[in-house]
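Here is the file entry-v7.txt (compact mmCIF, C-alpha atoms).
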# COMPACT_ATOMS: atom_id res chain seq x y z
CA MET A 1111 193.60 -31.25 160.40
CA GLY A 1112 196.96 -29.41 160.05
CA LYS A 1113 197.70 -26.33 158.03
CA LYS A 1114 198.66 -27.28 154.49
CA SER A 1115 200.81 -25.40 152.05
CA SER A 1116 198.82 -25.00 148.85
CA ILE A 1117 201.93 -25.57 146.74
CA GLU A 1118 203.48 -28.61 148.36
CA ASN A 1119 200.62 -29.96 150.51
CA LYS A 1120 202.79 -30.02 153.65
CA ASN A 1121 201.42 -29.35 157.10
CA ILE A 1122 202.99 -26.69 159.30
CA TYR A 1123 204.98 -29.22 161.34
CA LEU A 1124 206.66 -30.75 158.28
CA GLN A 1125 207.29 -27.32 156.78
CA CYS A 1126 208.92 -26.00 159.95
CA ARG A 1127 211.17 -29.07 160.25
CA GLU A 1128 212.22 -28.77 156.62
CA ASP A 1129 212.78 -25.02 157.02
CA CYS A 1130 215.34 -25.94 159.69
CA ASP A 1131 216.91 -28.41 157.26
CA LEU A 1132 216.43 -31.26 159.73
CA THR A 1133 215.80 -34.91 158.99
CA ARG A 1134 213.25 -36.66 161.19
CA ALA A 1135 216.11 -38.51 162.86
CA LYS A 1136 217.95 -35.28 163.70
CA ALA A 1137 214.72 -33.60 164.85
CA SER A 1138 213.96 -36.56 167.12
CA GLU A 1139 217.47 -36.38 168.53
CA LEU A 1140 217.04 -32.67 169.29
CA MET A 1141 213.65 -33.21 170.92
CA LYS A 1142 214.65 -36.27 172.93
CA THR A 1143 211.00 -37.05 173.79
CA VAL A 1144 209.48 -37.45 170.30
CA SER A 1145 210.45 -40.47 168.22
CA GLU A 1146 211.23 -40.34 164.52
CA SER A 1147 208.16 -42.47 163.77
CA ARG A 1148 205.93 -40.18 165.85
CA ILE A 1149 207.21 -37.16 163.93
CA GLU A 1150 206.34 -38.93 160.67
CA LYS A 1151 202.83 -39.72 161.93
CA ILE A 1152 202.28 -36.10 163.02
CA GLU A 1153 203.59 -34.74 159.73
CA SER A 1154 201.48 -37.15 157.66
CA GLU A 1155 198.47 -36.49 159.92
CA LYS A 1156 198.04 -40.12 160.90
CA ILE A 1157 197.87 -38.90 164.50
CA ILE A 1158 197.17 -35.60 166.21
CA ALA A 1159 200.15 -34.32 168.12
CA ALA A 1160 200.03 -34.02 171.90
CA PRO A 1161 200.77 -30.62 173.44
CA GLU A 1162 204.13 -31.97 174.67
CA ASP A 1163 205.06 -32.89 171.08
CA ILE A 1164 204.33 -29.36 169.91
CA VAL A 1165 206.31 -27.75 172.72
CA ALA A 1166 209.28 -30.00 171.85
CA MET A 1167 208.96 -29.17 168.14
CA ALA A 1168 208.66 -25.45 168.79
CA GLU A 1169 211.85 -25.52 170.85
CA ALA A 1170 213.80 -27.80 168.51
CA TYR A 1171 212.77 -25.89 165.38
CA LYS A 1172 213.00 -22.49 167.11
CA GLN A 1173 209.42 -21.82 165.97
CA PRO A 1174 207.24 -20.60 168.88
CA LYS A 1175 204.43 -20.03 166.36
CA LEU A 1176 203.82 -23.80 166.41
CA CYS A 1177 202.38 -23.53 169.93
CA ASN A 1178 199.94 -20.81 168.92
CA TYR A 1179 199.00 -22.68 165.75
CA TYR A 1180 198.31 -25.87 167.70
CA CYS A 1181 196.23 -24.12 170.35
CA ALA A 1182 194.21 -22.12 167.81
CA ASN A 1183 193.61 -24.97 165.36
CA GLU A 1184 193.95 -28.39 166.97
CA CYS A 1185 193.30 -28.15 170.71
CA ALA A 1186 189.62 -28.66 171.53
CA ILE A 1187 189.59 -25.87 174.11
CA GLY A 1188 191.96 -23.57 172.23
CA LYS A 1189 189.89 -23.68 169.04
CA GLN A 1190 187.15 -21.93 171.01
CA THR A 1191 189.31 -19.47 172.94
CA VAL A 1192 192.71 -18.88 171.29
CA PRO A 1193 193.01 -16.76 168.16
CA GLU A 1194 195.68 -17.67 165.62
CA VAL A 1195 198.36 -15.00 165.71
CA THR A 1196 200.22 -13.94 162.61
CA LEU A 1197 203.89 -13.22 163.09
CA SER A 1198 204.81 -9.78 161.78
CA ASN A 1199 207.62 -7.32 162.30
CA LEU A 1200 208.04 -5.08 165.33
CA SER A 1201 207.14 -1.84 163.56
CA GLU A 1202 203.83 -3.27 162.28
CA ILE A 1203 202.99 -4.61 165.74
CA THR A 1204 203.86 -1.30 167.40
CA LEU A 1205 201.74 0.69 164.96
CA GLY A 1206 198.88 -1.77 165.52
CA ILE A 1207 199.07 -1.32 169.29
CA VAL A 1208 199.20 2.47 169.03
CA ALA A 1209 196.26 2.53 166.59
CA SER A 1210 194.22 0.26 168.87
CA LEU A 1211 194.99 2.35 171.95
CA ASN A 1212 194.12 5.59 170.13
CA SER A 1213 190.84 4.10 168.97
CA LEU A 1214 189.97 2.93 172.48
CA ASN A 1215 190.88 6.29 173.96
CA TYR A 1216 187.88 7.78 172.16
CA GLU A 1217 185.59 5.00 173.41
CA LYS A 1218 186.52 4.86 177.10
CA GLU A 1219 183.93 7.44 178.15
CA ARG A 1220 181.22 5.52 176.30
CA LEU A 1221 182.30 2.26 177.96
CA ILE A 1222 182.06 3.93 181.38
CA ALA A 1223 178.56 5.20 180.55
CA ILE A 1224 177.50 1.72 179.41
CA ALA A 1225 178.98 0.00 182.46
CA VAL A 1226 177.71 2.39 185.12
CA ASP A 1227 174.46 0.46 185.77
CA GLY A 1228 176.05 -2.99 185.32
CA LYS A 1229 173.77 -3.81 182.40
CA ILE A 1230 173.94 -3.47 178.64
CA SER A 1231 170.70 -2.18 177.17
CA GLU A 1232 169.57 -2.89 173.63
CA GLU A 1233 170.43 0.67 172.61
CA GLU A 1234 173.92 0.36 174.19
CA MET A 1235 174.65 -2.98 172.53
CA PRO A 1236 176.05 -1.64 169.19
CA ASP A 1237 178.51 0.66 170.99
CA PHE A 1238 179.47 -2.09 173.43
CA LEU A 1239 180.13 -4.56 170.60
CA LYS A 1240 182.24 -1.98 168.77
CA ILE A 1241 184.34 -1.45 171.90
CA GLN A 1242 184.59 -5.21 172.46
CA THR A 1243 185.85 -5.65 168.89
CA GLN A 1244 188.46 -2.94 169.43
CA LEU A 1245 189.60 -4.66 172.64
CA ASN A 1246 189.83 -7.99 170.81
CA ASN A 1247 192.00 -6.32 168.15
CA LEU A 1248 194.27 -4.90 170.85
CA SER A 1249 194.50 -8.31 172.50
CA LEU A 1250 195.45 -9.95 169.20
CA THR A 1251 198.13 -7.32 168.60
CA VAL A 1252 199.55 -7.88 172.10
CA GLU A 1253 199.67 -11.63 171.38
CA ALA A 1254 201.52 -10.85 168.13
CA LEU A 1255 204.06 -8.88 170.17
CA LYS A 1256 204.52 -11.83 172.55
CA LEU A 1257 205.02 -14.18 169.59
CA TRP A 1258 207.52 -11.76 168.05
CA VAL A 1259 209.49 -11.63 171.32
CA ASN A 1260 209.48 -15.43 171.68
CA SER A 1261 210.55 -15.87 168.05
CA THR A 1262 213.29 -13.28 168.42
CA ILE A 1263 214.56 -15.03 171.56
CA ALA A 1264 214.41 -18.42 169.79
CA SER A 1265 216.44 -17.06 166.87
CA GLY A 1266 219.07 -15.72 169.27
CA ASN A 1267 218.52 -12.07 168.41
CA ILE A 1268 217.47 -11.35 171.99
CA ASP A 1269 219.37 -12.96 174.85
CA LYS A 1270 216.85 -14.86 176.98
CA LYS A 1271 218.73 -14.34 180.27
CA THR A 1272 218.98 -10.60 179.69
CA TYR A 1273 215.33 -10.42 178.65
CA ASP A 1274 214.20 -12.40 181.72
CA LYS A 1275 216.32 -10.19 184.02
CA PHE A 1276 214.79 -6.96 182.69
CA LEU A 1277 211.31 -8.49 182.62
CA LYS A 1278 211.62 -9.45 186.30
CA GLU A 1279 212.83 -5.95 187.17
CA ALA A 1280 209.94 -4.34 185.28
CA THR A 1281 207.41 -6.72 186.84
CA ASP A 1282 208.78 -6.10 190.34
CA LYS A 1283 208.24 -2.35 189.87
CA LEU A 1284 204.53 -2.83 189.16
Would you write out, as structure tokens, the structure that this file holds?
Amino acid sequence: MGKKSSIENKNIYLQCREDCDLTRAKASELMKTVSESRIEKIESEKIIAAPEDIVAMAEAYKQPKLCNYYCANECAIGKQTVPEVTLSNLSEITLGIVASLNSLNYEKERLIAIAVDGKISEEEMPDFLKIQTQLNNLSLTVEALKLWVNSTIASGNIDKKTYDKFLKEATDKL
């Protein structure tokens, strides 16, 4: 079920709560919608958390990664469609994005040639799959950037109101 630490055999929800130095009672108080006994059942894997539980935990523990973890590992739909994103630092993410974009820059002409007739032939398939893999890598890196931003906002290192203001301005210009 949940992600376990190999050393202490704790799932990710218990580990995140303990990392915040919160008791179940204090965590429940912060969440308002998740009882202390429900937290215990989620942490001991007696029940599977509901999406609302995870959103409340992610906010209370300032750990947006919990939402991605839940979607990628526990949600029936998400397990099929959402990749688990690893939180890394901004410089690693930036280098990953640049490397992915550079790689795709070389492949764009080939993708156009493949797509021109609206079909993928057997001889085009290897090139198409290579390009698709590169696009998937770019997508994963973009998701890592989103997780980094949300984590940085949650930790208070980026002011959410300022971020939202500039995001709206940038979006309006598009």
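Near region 1196-1207 of chain A, within 8 Å and counting all atoms listed in the file, sit Lys1175, Leu1248, Thr1251, Val1252, Ala1254, Leu1255, Leu1257 and Trp1258 of chain A; same-chain residues fewer than 6 positions away were not included.
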Need the neighbours of (178.5, 2.7, 170.7): which residues are at most 12 Å away, counting all atoms listed in the file, as a list in words? Leu1214, Tyr1216, Glu1217, Lys1218, Glu1219, Arg1220, Leu1221, Ile1222, Ala1223, Ile1224, Ile1230, Ser1231, Glu1232, Glu1233, Glu1234, Met1235, Pro1236, Asp1237, Phe1238, Leu1239, Lys1240, Ile1241, Gln1242, Thr1243 and Gln1244 of chain A
So that I can see what lies close to Val1144 (chain A), please list as JSON, numbers by chain the residues with an atom at most 12 Å from it, counting only C-alpha atoms and leaving out residues fewer than 3 positions away in the same chain. {"A": [1134, 1135, 1136, 1137, 1138, 1139, 1140, 1141, 1147, 1148, 1149, 1150, 1151, 1152, 1159, 1160, 1161, 1162, 1163, 1164, 1165, 1166, 1167, 1170]}
Nearby residues (all atoms listed in the file) at most 9 Å from Cys1181 (chain A), same-chain spacing under 4 positions excluded, as a list in words: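 Listing them by chain and then by number gives Pro1161, Leu1176, Cys1177, Cys1185, Ala1186, Ile1187, Gly1188, Lys1189, Thr1191, Val1192, Pro1193 and Glu1194 of chain A.
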Using all atoms listed in the file, can you tell me which of A:Ser1213, A:Gln1173, A:Thr1281, A:Asn1246 comes closest to Thr1262 (chain A)?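 Going through A:Ser1213, A:Gln1173, A:Thr1281, A:Asn1246 one by one, the smallest distance to Thr1262 (chain A) is for A:Gln1173.
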Which value, in Å to one decimal, gives the distance between CA of Glu1155 (chain A) and CA of Glu1128 (chain A)?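 Taking CA of Glu1155 (chain A) and CA of Glu1128 (chain A), their separation equals 16.1 Å.
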Point-to-point distance from CA of Ser1249 (chain A) to CA of Asn1267 (chain A), Å rounded to tenths: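 About the pair CA of Ser1249 (chain A) and CA of Asn1267 (chain A): they are 24.7 Å apart.
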So how far away is CA of Ala1182 (chain A) from CA of Val1195 (chain A), in Å? 8.5 Å
Each side padded by 6 Å, which centre and which edge lengths in Å (one decimal) define the axis-aligned box around the listed atoms of region 1215-1230 of chain A? Give them as JSON.
{"center_x": 182.3, "center_y": 2.0, "center_z": 179.0, "size_x": 29.1, "size_y": 23.6, "size_z": 25.6}
Measuring between all atoms listed in the file, which one of A:Ile1263, A:Asp1227, A:Leu1211, A:Lys1271 shows the shortest distance to Leu1245 (chain A)? A:Leu1211
